[in-house]
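Next up, data-v7.cif (mmCIF, C-alpha atoms):
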```cif
data_input
loop_
_atom_site.label_atom_id
_atom_site.label_comp_id
_atom_site.auth_asym_id
_atom_site.auth_seq_id
_atom_site.Cartn_x
_atom_site.Cartn_y
_atom_site.Cartn_z
CA MET A 1357 11.86 -68.04 33.78
CA ASN A 1358 14.45 -69.15 31.21
CA THR A 1359 17.38 -67.09 29.96
CA LEU A 1360 15.59 -65.85 26.82
CA GLU A 1361 12.57 -64.71 28.78
CA SER A 1362 14.84 -62.87 31.25
CA LEU A 1363 16.57 -61.00 28.43
CA LEU A 1364 13.25 -59.98 26.87
CA LEU A 1365 12.01 -58.69 30.22
CA ILE A 1366 15.18 -56.63 30.72
CA VAL A 1367 14.84 -55.09 27.23
CA LEU A 1368 11.18 -54.28 27.89
CA LEU A 1369 11.95 -52.61 31.21
CA LEU A 1370 14.79 -50.58 29.68
CA GLY A 1371 12.46 -49.39 26.90
CA VAL A 1372 9.86 -48.25 29.41
CA ALA A 1373 12.52 -46.43 31.44
CA VAL A 1374 13.90 -44.63 28.39
CA ALA A 1375 10.41 -43.64 27.22
CA CYS A 1376 9.51 -42.30 30.63
CA GLY A 1377 12.76 -40.38 30.85
CA THR A 1378 12.15 -38.55 27.56
CA GLN A 1379 8.57 -37.52 28.27
CA PRO A 1380 8.07 -33.96 29.57
CA LYS A 1381 6.93 -33.58 33.10
CA LYS A 1382 3.24 -32.98 33.49
CA GLU A 1383 3.72 -29.43 34.78
CA GLU A 1384 6.00 -28.60 31.82
CA SER A 1385 3.53 -29.86 29.23
CA MET A 1386 0.75 -27.79 30.78
CA GLN A 1387 2.63 -24.47 30.68
CA GLU A 1388 0.86 -21.65 28.83
CA PRO A 1389 2.73 -19.96 25.98
CA LEU A 1390 4.42 -16.71 26.91
CA SER A 1391 2.31 -13.61 26.30
CA VAL A 1392 3.11 -9.94 26.83
CA THR A 1393 0.78 -7.60 28.68
CA ALA A 1394 -0.33 -4.02 28.09
CA LYS A 1395 1.96 -2.92 30.90
CA GLU A 1396 4.91 -4.53 29.12
CA ILE A 1397 4.24 -3.17 25.63
CA LEU A 1398 3.04 0.38 26.34
CA GLY A 1399 5.99 2.73 26.54
CA ASN A 1400 8.31 0.03 25.17
CA PRO A 1401 10.09 1.28 22.01
CA LYS A 1402 10.21 -2.30 20.71
CA TYR A 1403 6.42 -2.09 20.32
CA GLN A 1404 5.70 0.81 17.99
CA ALA A 1405 2.02 1.78 17.71
CA VAL A 1406 -0.23 3.21 15.02
CA SER A 1407 -3.90 4.06 14.50
CA TYR A 1408 -5.37 1.85 11.83
CA GLY A 1409 -8.30 1.75 9.46
CA GLY A 1410 -8.11 -0.60 6.51
CA TYR A 1411 -10.75 1.09 4.35
CA ARG A 1412 -9.70 1.36 0.72
CA MET A 1413 -12.83 2.94 -0.78
CA ASN A 1414 -14.55 6.27 -0.10
CA THR A 1415 -17.29 4.60 1.92
CA ARG A 1416 -17.29 2.30 4.92
CA ASP A 1417 -20.03 0.30 3.23
CA ALA A 1418 -17.13 -1.36 1.39
CA GLN A 1419 -15.64 -3.26 4.31
CA PRO A 1420 -12.09 -4.55 3.74
CA THR A 1421 -11.82 -8.32 3.50
CA VAL A 1422 -9.78 -10.44 5.89
CA ALA A 1423 -7.34 -11.10 3.04
CA GLU A 1424 -6.90 -7.33 2.50
CA LEU A 1425 -6.41 -6.80 6.22
CA MET A 1426 -3.77 -9.52 6.24
CA GLU A 1427 -1.94 -7.63 3.48
CA ASP A 1428 -1.94 -4.54 5.68
CA MET A 1429 -0.82 -6.44 8.77
CA LYS A 1430 2.23 -7.74 6.88
CA ILE A 1431 3.08 -4.26 5.63
CA LEU A 1432 2.77 -2.68 9.07
CA HIS A 1433 4.71 -5.49 10.70
CA ALA A 1434 7.50 -4.92 8.17
CA ALA A 1435 7.43 -1.23 9.14
CA GLY A 1436 8.10 -2.15 12.77
CA ILE A 1437 4.54 -1.71 14.04
CA ARG A 1438 3.44 -4.07 16.79
CA ILE A 1439 0.32 -2.38 18.25
CA LEU A 1440 -2.76 -1.22 16.33
CA ARG A 1441 -5.53 1.04 17.49
CA THR A 1442 -9.08 0.51 16.19
CA TYR A 1443 -12.09 2.72 16.90
CA ASN A 1444 -15.40 0.83 17.02
CA VAL A 1445 -16.79 -2.69 17.06
CA HIS A 1446 -20.26 -2.22 15.56
CA LEU A 1447 -18.84 -2.69 12.04
CA PRO A 1448 -17.05 -5.89 10.92
CA HIS A 1449 -13.71 -4.10 10.57
CA ALA A 1450 -12.34 -4.59 14.10
CA SER A 1451 -13.34 -8.23 14.41
CA ASN A 1452 -11.89 -8.93 10.96
CA VAL A 1453 -8.62 -7.26 11.98
CA LEU A 1454 -8.45 -9.69 14.89
CA LYS A 1455 -9.21 -12.62 12.57
CA ALA A 1456 -6.45 -11.47 10.22
CA ILE A 1457 -3.90 -11.27 13.02
CA ARG A 1458 -4.85 -14.67 14.41
CA THR A 1459 -4.58 -16.24 10.96
CA LEU A 1460 -1.12 -14.78 10.50
CA LYS A 1461 -0.08 -16.03 13.93
CA GLU A 1462 -1.29 -19.52 13.06
CA GLU A 1463 0.72 -19.42 9.84
CA ASP A 1464 3.80 -18.04 11.59
CA PRO A 1465 3.97 -18.29 15.41
CA SER A 1466 6.64 -15.58 15.46
CA PHE A 1467 4.23 -13.00 13.99
CA GLU A 1468 3.45 -10.45 16.68
CA MET A 1469 0.71 -7.82 16.62
CA TYR A 1470 -1.52 -6.51 19.41
CA VAL A 1471 -4.64 -4.35 19.44
CA MET A 1472 -6.01 -1.42 21.40
CA LEU A 1473 -9.70 -2.11 20.78
CA GLY A 1474 -11.90 0.96 20.62
CA ALA A 1475 -15.53 0.97 21.77
CA TRP A 1476 -17.38 3.96 20.30
CA ILE A 1477 -19.45 6.08 22.70
CA ASP A 1478 -22.16 8.62 21.74
CA CYS A 1479 -24.63 10.88 23.46
CA LEU A 1480 -28.38 10.49 22.96
CA ASN A 1481 -29.53 11.53 19.45
CA ALA A 1482 -26.00 11.65 18.06
CA TRP A 1483 -25.81 11.43 14.27
CA THR A 1484 -29.56 12.01 13.90
CA ASP A 1485 -31.74 14.96 12.90
CA LYS A 1486 -32.64 15.46 16.57
CA GLU A 1487 -30.85 17.79 18.96
CA PRO A 1488 -27.99 15.93 20.71
CA ASP A 1489 -28.63 15.46 24.42
CA HIS A 1490 -25.19 15.55 25.99
CA THR A 1491 -26.52 14.71 29.45
CA LYS A 1492 -27.65 11.26 28.35
CA GLU A 1493 -26.05 8.46 26.39
CA SER A 1494 -27.06 6.55 23.31
CA PRO A 1495 -28.74 3.20 24.09
CA ARG A 1496 -26.40 1.66 21.54
CA ASN A 1497 -23.39 2.26 23.81
CA ALA A 1498 -24.29 -0.85 25.81
CA GLU A 1499 -24.16 -2.96 22.66
CA GLU A 1500 -20.77 -1.51 21.75
CA ILE A 1501 -19.31 -2.35 25.15
CA ALA A 1502 -20.82 -5.84 25.13
CA ARG A 1503 -19.29 -6.56 21.74
CA ALA A 1504 -15.90 -5.24 22.88
CA ILE A 1505 -16.06 -7.64 25.83
CA GLU A 1506 -16.85 -10.56 23.52
CA LEU A 1507 -13.88 -9.78 21.29
CA ALA A 1508 -11.51 -9.33 24.23
CA GLN A 1509 -12.63 -12.72 25.55
CA GLU A 1510 -12.24 -14.38 22.16
CA TYR A 1511 -8.82 -12.87 21.41
CA PRO A 1512 -7.07 -12.44 24.78
CA ASP A 1513 -3.68 -13.01 23.16
CA ILE A 1514 -4.22 -10.03 20.82
CA VAL A 1515 -6.52 -7.51 22.55
CA LYS A 1516 -4.43 -5.90 25.26
CA ILE A 1517 -6.35 -2.64 25.75
CA ILE A 1518 -9.97 -1.49 25.51
CA ALA A 1519 -10.52 2.23 24.95
CA VAL A 1520 -13.96 3.51 25.96
CA GLY A 1521 -14.79 6.26 23.49
CA ASN A 1522 -12.79 8.32 21.03
CA GLU A 1523 -12.76 12.08 21.64
CA ALA A 1524 -16.08 11.44 23.33
CA MET A 1525 -15.62 14.03 26.09
CA VAL A 1526 -14.25 17.04 24.24
CA HIS A 1527 -16.93 19.66 23.60
CA TRP A 1528 -15.88 20.54 20.06
CA GLN A 1529 -17.19 17.12 19.04
CA ALA A 1530 -20.60 18.80 19.14
CA ILE A 1531 -22.45 15.92 17.49
CA TYR A 1532 -21.76 13.27 20.12
CA TRP A 1533 -19.77 14.29 23.22
CA VAL A 1534 -20.71 12.97 26.65
CA PRO A 1535 -19.66 13.97 30.18
CA PRO A 1536 -16.90 11.98 31.91
CA THR A 1537 -19.46 10.28 34.17
CA ILE A 1538 -20.80 8.29 31.21
CA ILE A 1539 -17.30 7.15 30.24
CA LEU A 1540 -16.67 6.34 33.91
CA LYS A 1541 -19.75 4.13 34.02
CA TRP A 1542 -18.37 1.89 31.28
CA VAL A 1543 -14.78 1.95 32.54
CA ASP A 1544 -16.04 0.79 35.93
CA HIS A 1545 -18.13 -1.87 34.19
CA LEU A 1546 -15.07 -3.24 32.39
CA GLN A 1547 -12.92 -3.08 35.50
CA GLY A 1548 -15.64 -5.05 37.27
CA LYS A 1549 -15.50 -7.71 34.57
CA LYS A 1550 -11.76 -7.98 35.16
CA ALA A 1551 -12.25 -8.31 38.91
CA ALA A 1552 -14.82 -11.05 38.35
CA GLY A 1553 -12.45 -12.99 36.11
CA GLU A 1554 -14.58 -12.44 33.00
CA LEU A 1555 -11.81 -10.45 31.32
CA PRO A 1556 -8.04 -10.94 31.64
CA GLU A 1557 -6.74 -9.24 34.75
CA ASP A 1558 -3.86 -7.68 32.77
CA LEU A 1559 -6.18 -6.14 30.14
CA TRP A 1560 -5.86 -2.35 30.45
CA ILE A 1561 -8.86 -0.04 30.26
CA THR A 1562 -8.65 3.60 29.16
CA CYS A 1563 -10.44 6.36 27.31
CA SER A 1564 -8.73 8.04 24.36
CA ASP A 1565 -9.45 11.75 24.23
CA ASP A 1566 -8.16 15.24 23.57
CA PHE A 1567 -5.57 16.66 25.96
CA SER A 1568 -8.07 19.29 27.15
CA SER A 1569 -10.60 16.60 28.08
CA TRP A 1570 -7.95 15.15 30.39
CA GLY A 1571 -7.64 18.41 32.26
CA GLY A 1572 -4.74 19.89 30.33
CA GLY A 1573 -6.64 22.88 28.94
CA ASP A 1574 -9.86 24.75 29.69
CA PRO A 1575 -10.88 24.51 33.39
CA VAL A 1576 -14.42 23.70 32.23
CA TYR A 1577 -13.21 20.10 32.07
CA HIS A 1578 -11.95 20.11 35.67
CA THR A 1579 -14.88 18.20 37.14
CA GLU A 1580 -15.31 15.61 39.85
CA GLY A 1581 -16.38 13.16 37.16
CA LEU A 1582 -13.04 13.57 35.38
CA THR A 1583 -11.16 13.09 38.65
CA GLN A 1584 -13.00 9.83 39.28
CA LEU A 1585 -12.34 8.72 35.71
CA MET A 1586 -8.62 9.39 36.04
CA HIS A 1587 -8.59 7.19 39.13
CA ALA A 1588 -10.54 4.44 37.33
CA VAL A 1589 -8.52 4.01 34.12
CA ASP A 1590 -5.32 1.99 33.96
CA TYR A 1591 -3.63 4.74 31.99
CA ILE A 1592 -4.47 8.02 30.24
CA SER A 1593 -4.60 8.07 26.43
CA MET A 1594 -4.39 11.68 25.24
CA HIS A 1595 -4.51 13.29 21.79
CA THR A 1596 -2.41 16.20 20.60
CA TYR A 1597 -2.55 17.76 17.12
CA PRO A 1598 -0.17 20.63 16.42
CA MET A 1599 -1.16 20.44 12.75
CA HIS A 1600 -4.77 21.39 13.48
CA ASN A 1601 -3.55 24.16 15.73
CA THR A 1602 -1.57 25.76 12.93
CA HIS A 1603 -5.02 27.16 12.07
CA TYR A 1604 -6.95 27.20 15.36
CA ASN A 1605 -4.19 28.21 17.74
CA PRO A 1606 -1.26 29.34 15.57
CA TYR A 1607 0.81 31.29 18.07
CA PHE A 1608 3.63 28.73 17.66
CA TRP A 1609 3.37 28.28 13.90
CA GLY A 1610 5.62 29.75 11.25
CA ASN A 1611 8.81 31.77 11.31
CA ALA A 1612 9.84 34.94 13.06
CA PRO A 1613 10.68 37.87 10.74
CA GLU A 1614 14.34 37.48 11.69
CA GLU A 1615 14.33 33.95 10.21
CA GLU A 1616 13.28 34.93 6.68
CA GLY A 1617 16.85 34.90 5.41
CA LEU A 1618 17.44 31.28 6.34
CA SER A 1619 17.20 28.36 3.90
CA LYS A 1620 13.90 26.66 3.20
CA GLU A 1621 14.98 23.56 5.09
CA GLU A 1622 16.05 25.60 8.11
CA ARG A 1623 12.82 27.59 8.22
CA ILE A 1624 10.64 24.50 7.96
CA GLN A 1625 12.69 22.73 10.62
CA MET A 1626 12.25 25.65 13.02
CA ALA A 1627 8.48 25.62 12.48
CA MET A 1628 8.39 21.89 13.08
CA ASP A 1629 10.55 22.19 16.20
CA ARG A 1630 7.94 24.57 17.58
CA SER A 1631 5.21 22.09 16.64
CA LEU A 1632 6.91 19.37 18.64
CA ALA A 1633 7.28 21.74 21.58
CA PHE A 1634 3.55 22.49 21.31
CA ALA A 1635 2.71 18.77 21.61
CA GLN A 1636 5.12 18.36 24.50
CA THR A 1637 3.50 21.29 26.31
CA GLN A 1638 0.08 19.66 25.99
CA TYR A 1639 1.45 16.36 27.29
CA ASP A 1640 3.05 18.17 30.23
CA SER A 1641 -0.20 20.01 30.98
CA VAL A 1642 -2.09 16.73 31.38
CA THR A 1643 0.74 15.35 33.52
CA SER A 1644 0.64 18.43 35.76
CA TYR A 1645 -3.13 18.29 36.21
CA MET A 1646 -3.04 14.57 37.02
CA LYS A 1647 -0.32 15.07 39.63
CA HIS A 1648 -2.20 18.06 41.05
CA LEU A 1649 -5.01 15.62 41.82
CA GLY A 1650 -2.59 13.26 43.53
CA ILE A 1651 -2.94 10.63 40.80
CA ASP A 1652 -0.03 8.71 39.30
CA LYS A 1653 -0.91 6.89 36.07
CA PRO A 1654 1.03 6.33 32.84
CA ILE A 1655 0.16 8.80 30.08
CA HIS A 1656 0.50 7.71 26.46
CA ILE A 1657 -0.39 9.45 23.21
CA GLY A 1658 -3.49 7.87 21.70
CA GLU A 1659 -3.35 10.05 18.60
CA THR A 1660 -1.16 12.55 16.87
CA GLY A 1661 -0.39 13.00 13.21
CA TRP A 1662 0.24 15.33 10.30
CA ALA A 1663 -1.72 15.36 7.02
CA THR A 1664 0.07 15.57 3.69
CA VAL A 1665 -2.68 17.15 1.56
CA CYS A 1666 -5.26 19.84 2.27
CA ASN A 1667 -7.22 22.30 0.13
CA ASP A 1668 -8.61 24.50 2.88
CA LEU A 1669 -7.55 25.43 6.43
CA TYR A 1670 -4.10 23.85 6.48
CA GLY A 1671 -3.21 24.09 2.81
CA PRO A 1672 -1.92 26.76 0.42
CA ASP A 1673 -4.54 29.37 1.32
CA GLY A 1674 -4.44 28.52 5.00
CA SER A 1675 -1.55 27.73 7.32
CA ARG A 1676 0.46 25.95 4.58
CA ALA A 1677 1.25 23.11 6.95
CA THR A 1678 0.35 19.99 4.98
CA ASP A 1679 2.89 18.18 2.82
CA GLU A 1680 4.97 15.01 2.95
CA TYR A 1681 8.15 16.79 3.93
CA LYS A 1682 6.61 18.20 7.13
CA GLU A 1683 4.84 14.93 7.91
CA SER A 1684 8.18 13.13 7.73
CA ILE A 1685 9.82 15.58 10.13
CA PHE A 1686 6.91 15.45 12.59
CA HIS A 1687 6.69 11.66 12.51
CA GLN A 1688 10.40 11.24 13.20
CA MET A 1689 10.48 13.85 15.95
CA MET A 1690 7.46 12.31 17.70
CA ARG A 1691 8.96 8.84 17.50
CA ASP A 1692 12.32 10.06 18.82
CA TRP A 1693 10.77 11.98 21.72
CA THR A 1694 8.28 9.32 22.81
CA ASN A 1695 10.72 6.42 22.44
CA ALA A 1696 13.28 8.23 24.57
CA ASN A 1697 10.74 8.95 27.31
CA GLY A 1698 8.86 5.67 27.63
CA ILE A 1699 5.71 6.97 25.94
CA SER A 1700 3.68 4.98 23.43
CA CYS A 1701 2.58 7.01 20.42
CA PHE A 1702 -0.34 5.69 18.38
CA TYR A 1703 0.62 7.69 15.31
CA PHE A 1704 -2.35 8.71 13.18
CA GLU A 1705 -2.43 6.94 10.87
CA ALA A 1706 -1.25 3.88 8.93
CA PHE A 1707 -2.96 4.32 5.54
CA ASP A 1708 -4.89 7.16 3.91
CA GLU A 1709 -8.65 6.63 4.19
CA SER A 1710 -10.74 8.42 1.58
CA TRP A 1711 -14.12 7.78 3.27
CA LYS A 1712 -13.40 10.31 6.00
CA ASP A 1713 -14.15 13.28 3.71
CA ALA A 1714 -15.78 11.49 0.80
CA GLY A 1715 -17.11 14.71 -0.73
CA ASN A 1716 -13.70 16.36 -0.90
CA ALA A 1717 -10.87 14.25 -2.29
CA TYR A 1718 -8.29 16.80 -1.12
CA GLY A 1719 -9.67 17.16 2.42
CA SER A 1720 -6.98 16.74 5.07
CA GLU A 1721 -8.84 13.96 6.90
CA ASN A 1722 -8.27 11.71 3.88
CA HIS A 1723 -4.49 12.17 3.91
CA PHE A 1724 -3.04 11.44 7.35
CA GLY A 1725 -1.58 8.08 6.31
CA LEU A 1726 2.05 7.05 6.23
CA PHE A 1727 1.00 5.07 3.15
CA THR A 1728 -1.35 6.11 0.36
CA VAL A 1729 -4.50 4.10 -0.33
CA GLU A 1730 -2.67 2.43 -3.20
CA GLY A 1731 0.15 1.38 -0.89
CA GLN A 1732 2.86 3.86 -1.78
CA ALA A 1733 5.15 4.71 1.11
CA LYS A 1734 5.18 8.44 1.83
CA TYR A 1735 8.43 10.30 2.41
CA ALA A 1736 8.44 9.46 6.15
CA LEU A 1737 9.02 5.79 5.28
CA TRP A 1738 11.33 6.00 2.28
CA ASP A 1739 14.31 4.75 4.27
CA LEU A 1740 12.43 1.52 4.99
CA VAL A 1741 11.81 1.06 1.26
CA ASP A 1742 15.53 1.56 0.61
CA GLN A 1743 16.30 -1.06 3.26
CA GLY A 1744 14.07 -3.59 1.50
CA ALA A 1745 11.62 -3.85 4.40
CA PHE A 1746 8.65 -4.20 2.04
CA ASP A 1747 10.19 -6.45 -0.59
CA GLY A 1748 7.63 -9.00 -1.76
CA LEU A 1749 4.72 -7.17 -0.10
CA SER A 1750 1.87 -5.42 -1.87
CA ARG A 1751 -1.45 -3.66 -1.29
CA GLY A 1752 -4.22 -4.44 -3.73
CA GLY A 1753 -1.70 -5.86 -6.16
CA ASN A 1754 0.55 -2.79 -5.97
CA PRO A 1755 4.12 -3.27 -4.69
CA ILE A 1756 5.23 -0.89 -1.96
CA THR A 1757 7.07 1.91 -3.78
CA LYS A 1758 7.92 5.52 -2.96
CA THR A 1759 5.73 8.52 -3.62
CA PHE A 1760 7.13 11.23 -5.92
CA GLY A 1761 8.88 8.47 -7.87
CA GLY A 1762 11.52 8.46 -5.17
CA ASP A 1763 12.69 12.00 -6.04
CA ARG A 1764 13.72 13.66 -2.75
CA LYS A 1765 14.31 17.00 -4.46
CA ALA A 1766 10.71 16.97 -5.66
CA VAL A 1767 9.47 16.37 -2.11
CA LEU A 1768 11.30 19.43 -0.84
CA GLU A 1769 10.15 21.55 -3.78
CA ALA A 1770 6.53 20.60 -3.03
CA ALA A 1771 6.92 21.56 0.65
CA MET A 1772 5.23 24.87 1.47
CA MET A 1773 7.03 27.65 3.29
CA PRO A 1774 5.57 28.39 6.73
CA PRO A 1775 4.07 31.87 7.10
CA VAL A 1776 6.00 34.68 8.77
CA ASN A 1777 4.52 35.20 12.22
CA GLY A 1778 5.60 38.45 13.81
CA ASP A 1779 4.46 37.22 17.25
CA LEU A 1780 7.03 34.43 17.31
CA VAL A 1781 10.19 34.62 19.32
CA PRO A 1782 13.14 33.56 17.13
CA ALA A 1783 14.47 30.10 17.90
CA GLU A 1784 17.70 30.11 19.92
#
```
Represent the supplied structure as structure tokens.
Amino acid sequence: MNTLESLLLIVLLLGVAVACGTQPKKEESMQEPLSVTAKEILGNPKYQAVSYGGYRMNTRDAQPTVAELMEDMKILHAAGIRILRTYNVHLPHASNVLKAIRTLKEEDPSFEMYVMLGAWIDCLNAWTDKEPDHTKESPRNAEEIARAIELAQEYPDIVKIIAVGNEAMVHWQAIYWVPPTIILKWVDHLQGKKAAGELPEDLWITCSDDFSSWGGGDPVYHTEGLTQLMHAVDYISMHTYPMHNTHYNPYFWGNAPEEEGLSKEERIQMAMDRSLAFAQTQYDSVTSYMKHLGIDKPIHIGETGWATVCNDLYGPDGSRATDEYKESIFHQMMRDWTNANGISCFYFEAFDESWKDAGNAYGSENHFGLFTVEGQAKYALWDLVDQGAFDGLSRGGNPITKTFGGDRKAVLEAAMMPPVNGDLVPAE
């Protein structure tokens, strides 16, 4: 080998050595991207949660498009939301929400949003002209669970929780409630899929239901089936609605006669303080019952909220509970309490949905949103508007602006005075 050939060989060997030294090790290149789990996000104040429906019309026949859902995802992300709750999978909505999130993640890897995927559960003959049979389940439940499994398998990086049923055990849902044993059947089915490796082992399974259904109220719910269900779920998702109870169970609502001389703001604040205490009592009642059974599971709030408009039970001729001023107070108090205590709160809800009471535009069910259908931020979120959180974002072509034209005085003037309740004990 001559001198020139020797030099070329040395250069070639050095090039190979350098190239090999800069390549990642095989085990490093095969590492999976980091992903949070349900255990890590639930109860973590960095991951605020909300119940979400993206319907913009007064019928669910008008399904929101993926592009519209992407608009909503950007708005909610800007508002600090990182976990969404959906309610069923038999309509395109939930799968399209997942598509929207994945698309946004592909466009921006830093975009973060997770989903608590609801699988709707009914009794036999629910939503028909036949008498509901609460001892048996709808054959369609199996299809709902199967579809939820498919979506959890397709979107393991987004679906972190599956909730079997929504208020499916509480008896006042007279059209469709089922006993806990039916919910248990499907929870066990999903847990079996996890054990078999067909679902992610860190996917959490729950049922989202009223506090009473979880043993915190009427002893009629204290059954062996409920005990088994509480053992089977990964955590308990309970609902509490002080707003509804301003009509149905109003012992806490209003002002004591001694408080009549206080300012409007002070009287409303006292009524709302009692509302928070009401929700906390329901949470504590479920905790106590669970511990009484010797069970130790996390308990998170799957739903709570406060409507801003109502023309019947909770409005001017009823308990006078519904307006934006009270919603703002309740939302902030619930966030403060749950964040401080490691509780996730799926606040109900993100946007107003007019399909829920399509025959009554002023029905309370249409007005639980933190945003209006048009995309205006209600009073609870005005500070975020002031901070520029929604700059450049829009819903249906409408920029995110404040309700009431941004007039705080008008919000307070529109707030209704709570009734005087002679049974109340004055606040200390």
Shell of 8 Å around stretch 1609-1621 of chain A, all atoms listed in the file, local chain residues under 6 positions omitted, as number ranges by chain | A: 1602, 1627, 1630-1631, 1773-1782
How would the residues just chosen look if you wrote them out with C-alpha atoms as a PDB file, in the coordinates of the input?
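Everything below was put into out_37.pdb:
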```pdb
ATOM      1  CA  THR A1602      -1.570  25.760  12.930  1.00  0.00           C
ATOM      2  CA  ALA A1627       8.480  25.620  12.480  1.00  0.00           C
ATOM      3  CA  ARG A1630       7.940  24.570  17.580  1.00  0.00           C
ATOM      4  CA  SER A1631       5.210  22.090  16.640  1.00  0.00           C
ATOM      5  CA  MET A1773       7.030  27.650   3.290  1.00  0.00           C
ATOM      6  CA  PRO A1774       5.570  28.390   6.730  1.00  0.00           C
ATOM      7  CA  PRO A1775       4.070  31.870   7.100  1.00  0.00           C
ATOM      8  CA  VAL A1776       6.000  34.680   8.770  1.00  0.00           C
ATOM      9  CA  ASN A1777       4.520  35.200  12.220  1.00  0.00           C
ATOM     10  CA  GLY A1778       5.600  38.450  13.810  1.00  0.00           C
ATOM     11  CA  ASP A1779       4.460  37.220  17.250  1.00  0.00           C
ATOM     12  CA  LEU A1780       7.030  34.430  17.310  1.00  0.00           C
ATOM     13  CA  VAL A1781      10.190  34.620  19.320  1.00  0.00           C
ATOM     14  CA  PRO A1782      13.140  33.560  17.130  1.00  0.00           C
TER      15      PRO A1782
END
```
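In terms of minimum interatomic distance to A:His1449, A:Arg1412 ranks closest within A:Lys1395, A:His1648, A:Lys1492, A:Arg1412, counting all atoms listed in the file.
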Pick from A:Glu1680, A:Glu1500, A:Glu1709, A:Glu1721: nearest to A:Trp1542, with only C-alpha atoms counted?
-> A:Glu1500
Ground truth for the PyMOL selection byres ((chain A and resi 1740) around 12), written as a ChimeraX atom specification = /A:1431-1436,1726,1732-1739,1741-1747,1756-1758
Translate the PyMOL selection byres ((chain A and resi 1565-1574) around 9), as applied to the file shown, into an explicit residue set as a PyMOL selection string.
-> chain A and resi 1521-1527+1536+1563-1564+1575-1579+1582+1586+1592-1597+1638-1646+1658-1659
Kindly resolve the PyMOL selection byres ((chain A and resi 1453-1457) around 10) on the present coordinates and return the residues as a count of residues only.
-> 39
Which residue gives the smallest distance to A:Val1445 among A:Lys1765, A:Lys1682, A:Arg1503, A:His1587, with only C-alpha atoms counted?
->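 Going through A:Lys1765, A:Lys1682, A:Arg1503, A:His1587 one by one, the smallest distance to A:Val1445 is for A:Arg1503.
We find atom CA of A:Gln1547 and atom CA of A:Ala1405 to be spaced 23.7 Å apart.
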Residue neighbourhood stretch 1397-1402 of chain A, 7 Å, all atoms listed in the file, exclusion window fewer than 5 positions, as a ChimeraX atom specification | /A:1392,1695,1698-1700
Selection near A:Glu1683, 10 Å with all atoms listed in the file, sequence-local residues under 4 positions removed, as a count of residues only | 18
Expressed in Å to a single decimal, how great is the separation between atom CA of A:Asp1513 and atom CA of A:Trp1693?
->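 These atoms are spaced 28.9 Å apart.
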Please measure the separation of atom CA of A:Thr1393 and atom CA of A:Ala1706, giving the value in Å to one decimal.
-> 22.9 Å
Nearby residues (only C-alpha atoms) at most 12 Å from A:Lys1550, same-chain spacing under 3 positions excluded, as an MDAnalysis selection string | chainID A and resid 1505 1508:1509 1518 1543:1547 1553:1561 1590
